[in-house]
Amino acid sequence: MGFLDSRYAIASLLHRLIKQLPRQLIRQLSGQLFGSLSHKLFVKFRNLFIKSCLNFINKLPPRSNLKLKFKHRQQQGFTLLEVLVVLVVIGILAAIAAPNWLSLSNNQKLISAQTLAISSLRQAQSNSKRDQISWQTSFRNMSDRSQYAIHRTPVLSETTADYWNNLPWVNFDSGVRIVENTESQPRTTFTKLSAIPNPAVYRVQFTPKGLPNGLGEMGRITLAVDSSPRRRCVIISTILGTMRTAENSDCNQ
């Protein structure tokens with residue numbers, strides 16, 4: 001159906017509805033509008049309202065003339081009022097859709113970051129069992145992004161600033177950050193290294209058997225997006241290295 005036909009169909013339907021509008025309905029509407037006035041004013045305004053409505057209905061052109069009018073309008077283009085109405089409708093729809101779209105985008109970023117976090121932990125756990133040496137996953141917040149790295153557990157003498165900066169860091173999506181252990185719950189509770197790494201690093205080590213390297217390695221990494229109150233986390237909940245994911249207050253359980 002062409003644009004002209006669509007406008008004609010809509011106008012035709014409205015024309016039919018208005019022409020068939022019951023007179024009694026107009027009278028009821030006038031009573032609701034002016035019922036709180038005094039009797040004389042009520043009668044005056046009611047009669048004026050009814051007369052205006054009926055005049056409007058009676059002056060409507062026959063439906064057969066509508067298509068001709070729209071053809072003439074199509075040659076003239078759109079009026080300023082029509083353009084303004086379309087712009088207002090677009091603005092209203094954008095105002096309704098923008099917050100929902102932002103919320104959806106932030107939630108997708110959190111889901112993706114949570115998936116990357118648990119995958120990196122499982123990869124380090126698998127590597128430790130495969131190589132029969134200790135591996136770890138490290139997390140850190142940079143000024144403009146958050147990162148994670150999967151690597152062998154270093155000996156103490158290797159943990160220089162250059163060592164930490166040269167790890168195979170992978171970026172989370174823009175806007176995703178690690179909730180620091182000084183923030184409100186649910187926050188990150190993994191071991192935090194801050195003596196040499198700058199910025200500080202959260203880490204989880206796995207033994208050659210794929211187990212967390214002590215009770216201190218149990219805990220969670222909590223992720224957030226700056227513009228959203230939502231939190232998503234990955235939890236190492238048992239000494240066997242069992243992992244699970246959670247959201248918001250469930251991260252505290």
# chains A, B, ... in the order shown; residues from 1 in each chain; ligands from 1

call {"tool": "residues_around", "arguments": {"residues": "Arg203 in chain A", "least_positions_apart": "3", "cutoff": "9 Å", "atoms": "only C-alpha atoms", "output": "PyMOL selection string"}}
result
chain A and resi 136-140+190-193+217

call {"tool": "residues_around", "arguments": {"residues": "Arg230 in chain A", "least_positions_apart": "3", "cutoff": "12 Å", "atoms": "only C-alpha atoms", "output": "MDAnalysis selection string"}}
result
chainID A and resid 103:104 106:111 176:177 179 185:187 222:227 233 246:251

call {"tool": "write_last_selection", "arguments": {"atoms": "C-alpha atoms", "output": "CSV table (one decimal), in the first residue's frame"}}
result
chain,number,residue,atom,x,y,z
A,103,SER,CA,19.8,-0.4,30.2
A,104,LEU,CA,19.8,-3.3,27.7
A,106,ASN,CA,24.7,-2.1,30.0
A,107,ASN,CA,23.1,-5.4,30.9
A,108,GLN,CA,24.6,-7.1,27.8
A,109,LYS,CA,28.1,-5.7,28.7
A,110,LEU,CA,27.8,-7.1,32.2
A,111,ILE,CA,26.7,-10.5,30.9
A,176,VAL,CA,32.8,-2.3,32.6
A,177,ARG,CA,34.7,-2.0,35.8
A,179,VAL,CA,34.0,-3.3,41.9
A,185,GLN,CA,28.5,-4.9,48.9
A,186,PRO,CA,28.5,-6.9,46.7
A,187,ARG,CA,32.2,-6.2,46.1
A,222,THR,CA,32.3,-8.4,41.1
A,223,LEU,CA,31.7,-6.4,37.9
A,224,ALA,CA,29.6,-3.3,37.2
A,225,VAL,CA,29.0,-0.6,34.6
A,226,ASP,CA,29.5,2.9,35.8
A,227,SER,CA,26.0,4.2,34.8
A,233,CYS,CA,29.9,-11.7,39.9
A,246,ALA,CA,25.3,-14.6,40.5
A,247,GLU,CA,23.7,-11.2,40.2
A,248,ASN,CA,23.1,-8.3,42.6
A,249,SER,CA,22.3,-9.4,46.2
A,250,ASP,CA,22.7,-13.1,45.3
A,251,CYS,CA,26.5,-12.4,45.1

call {"tool": "residues_around", "arguments": {"residues": "range 242-244 of chain A", "least_positions_apart": "5", "cutoff": "9 Å", "atoms": "only C-alpha atoms", "output": "PDB file with N, CA and C atoms, in the first residue's frame"}}
result
ATOM      1  N   ILE A 118      34.461 -15.792  34.179  1.00  0.00           N
ATOM      2  CA  ILE A 118      34.413 -17.200  34.587  1.00  0.00           C
ATOM      3  C   ILE A 118      35.195 -18.065  33.615  1.00  0.00           C
ATOM      4  N   LEU A 121      38.900 -17.818  34.563  1.00  0.00           N
ATOM      5  CA  LEU A 121      39.211 -18.588  35.766  1.00  0.00           C
ATOM      6  C   LEU A 121      39.259 -20.087  35.457  1.00  0.00           C
ATOM      7  N   ARG A 122      38.320 -20.546  34.678  1.00  0.00           N
ATOM      8  CA  ARG A 122      38.306 -21.969  34.318  1.00  0.00           C
ATOM      9  C   ARG A 122      39.507 -22.326  33.435  1.00  0.00           C
ATOM     10  N   LEU A 211      43.114 -26.851  42.207  1.00  0.00           N
ATOM     11  CA  LEU A 211      42.386 -26.390  43.388  1.00  0.00           C
ATOM     12  C   LEU A 211      42.813 -24.959  43.725  1.00  0.00           C
ATOM     13  N   CYS A 233      28.647 -11.170  39.279  1.00  0.00           N
ATOM     14  CA  CYS A 233      29.862 -11.675  39.910  1.00  0.00           C
ATOM     15  C   CYS A 233      30.117 -13.130  39.519  1.00  0.00           C
ATOM     16  N   VAL A 234      31.360 -13.544  39.733  1.00  0.00           N
ATOM     17  CA  VAL A 234      31.773 -14.940  39.612  1.00  0.00           C
ATOM     18  C   VAL A 234      32.347 -15.338  40.966  1.00  0.00           C
ATOM     19  N   ILE A 235      31.867 -16.441  41.497  1.00  0.00           N
ATOM     20  CA  ILE A 235      32.222 -16.857  42.858  1.00  0.00           C
ATOM     21  C   ILE A 235      32.928 -18.203  42.830  1.00  0.00           C
ATOM     22  N   ILE A 236      34.063 -18.301  43.521  1.00  0.00           N
ATOM     23  CA  ILE A 236      34.693 -19.593  43.816  1.00  0.00           C
ATOM     24  C   ILE A 236      34.250 -19.955  45.226  1.00  0.00           C
ATOM     25  N   SER A 237      33.389 -20.953  45.311  1.00  0.00           N
ATOM     26  CA  SER A 237      32.660 -21.165  46.565  1.00  0.00           C
ATOM     27  C   SER A 237      33.132 -22.349  47.383  1.00  0.00           C
TER      28      SER A 237
END

call {"tool": "atom_distance", "arguments": {"atom1": "CA of Arg231 in chain A", "atom2": "CA of Asn198 in chain A"}}
result
24.7 Å

call {"tool": "residues_around", "arguments": {"residues": "Ile196 in chain A", "least_positions_apart": "5", "cutoff": "12 Å", "atoms": "only C-alpha atoms", "output": "list in words"}}
result
Leu156, Ser157, Glu158, Thr159, Thr160, Ala161, Asp162, Tyr163, Trp164, Asn165 and Val201 of chain A

call {"tool": "write_last_selection", "arguments": {"atoms": "N, CA and C atoms", "output": "tab-separated table (two decimals), in the first residue's frame"}}
result
chain	number	residue	atom	x	y	z
A	156	LEU	N	58.25	-14.95	43.61
A	156	LEU	CA	58.24	-13.62	44.23
A	156	LEU	C	59.24	-12.67	43.59
A	157	SER	N	60.40	-13.19	43.21
A	157	SER	CA	61.44	-12.33	42.64
A	157	SER	C	61.08	-11.77	41.27
A	158	GLU	N	60.10	-12.37	40.61
A	158	GLU	CA	59.70	-11.92	39.27
A	158	GLU	C	58.65	-10.81	39.30
A	159	THR	N	58.05	-10.58	40.44
A	159	THR	CA	56.90	-9.68	40.48
A	159	THR	C	57.32	-8.22	40.55
A	160	THR	N	57.90	-7.76	39.47
A	160	THR	CA	58.26	-6.36	39.34
A	160	THR	C	57.15	-5.62	38.60
A	161	ALA	N	57.28	-4.30	38.54
A	161	ALA	CA	56.28	-3.51	37.83
A	161	ALA	C	56.24	-3.89	36.34
A	162	ASP	N	57.41	-4.13	35.77
A	162	ASP	CA	57.46	-4.52	34.36
A	162	ASP	C	56.77	-5.86	34.12
A	163	TYR	N	56.94	-6.78	35.06
A	163	TYR	CA	56.29	-8.09	34.91
A	163	TYR	C	54.79	-7.91	34.80
A	164	TRP	N	54.19	-7.15	35.70
A	164	TRP	CA	52.74	-6.99	35.70
A	164	TRP	C	52.27	-6.23	34.45
A	165	ASN	N	53.02	-5.25	34.03
A	165	ASN	CA	52.60	-4.47	32.86
A	165	ASN	C	52.70	-5.25	31.56
A	201	VAL	N	46.14	-5.32	41.70
A	201	VAL	CA	45.68	-6.50	40.97
A	201	VAL	C	44.94	-7.43	41.92

call {"tool": "atom_distance", "arguments": {"atom1": "CA of Ile178 in chain A", "atom2": "CA of Asn141 in chain A"}}
result
6.3 Å

call {"tool": "decode", "arguments": {"residues": "range 177-196 of chain A", "atoms": "C-alpha atoms", "output": "compact mmCIF listing (two decimals), in the first residue's frame"}}
result
# COMPACT_ATOMS: atom_id res chain seq x y z
CA ARG A 177 34.74 -2.01 35.81
CA ILE A 178 35.74 -4.21 38.71
CA VAL A 179 33.97 -3.29 41.94
CA GLU A 180 36.78 -2.54 44.38
CA ASN A 181 36.98 -4.23 47.79
CA THR A 182 36.45 -0.85 49.47
CA GLU A 183 33.03 -0.29 47.88
CA SER A 184 29.63 -1.34 49.18
CA GLN A 185 28.47 -4.94 48.89
CA PRO A 186 28.50 -6.94 46.74
CA ARG A 187 32.17 -6.16 46.10
CA THR A 188 35.25 -8.06 44.97
CA THR A 189 36.76 -10.27 47.67
CA PHE A 190 39.63 -11.99 45.80
CA THR A 191 43.17 -11.49 47.10
CA LYS A 192 44.37 -7.99 46.29
CA LEU A 193 48.01 -7.24 45.48
CA SER A 194 48.88 -3.60 45.87
CA ALA A 195 52.51 -3.48 47.04
CA ILE A 196 54.15 -3.63 43.60
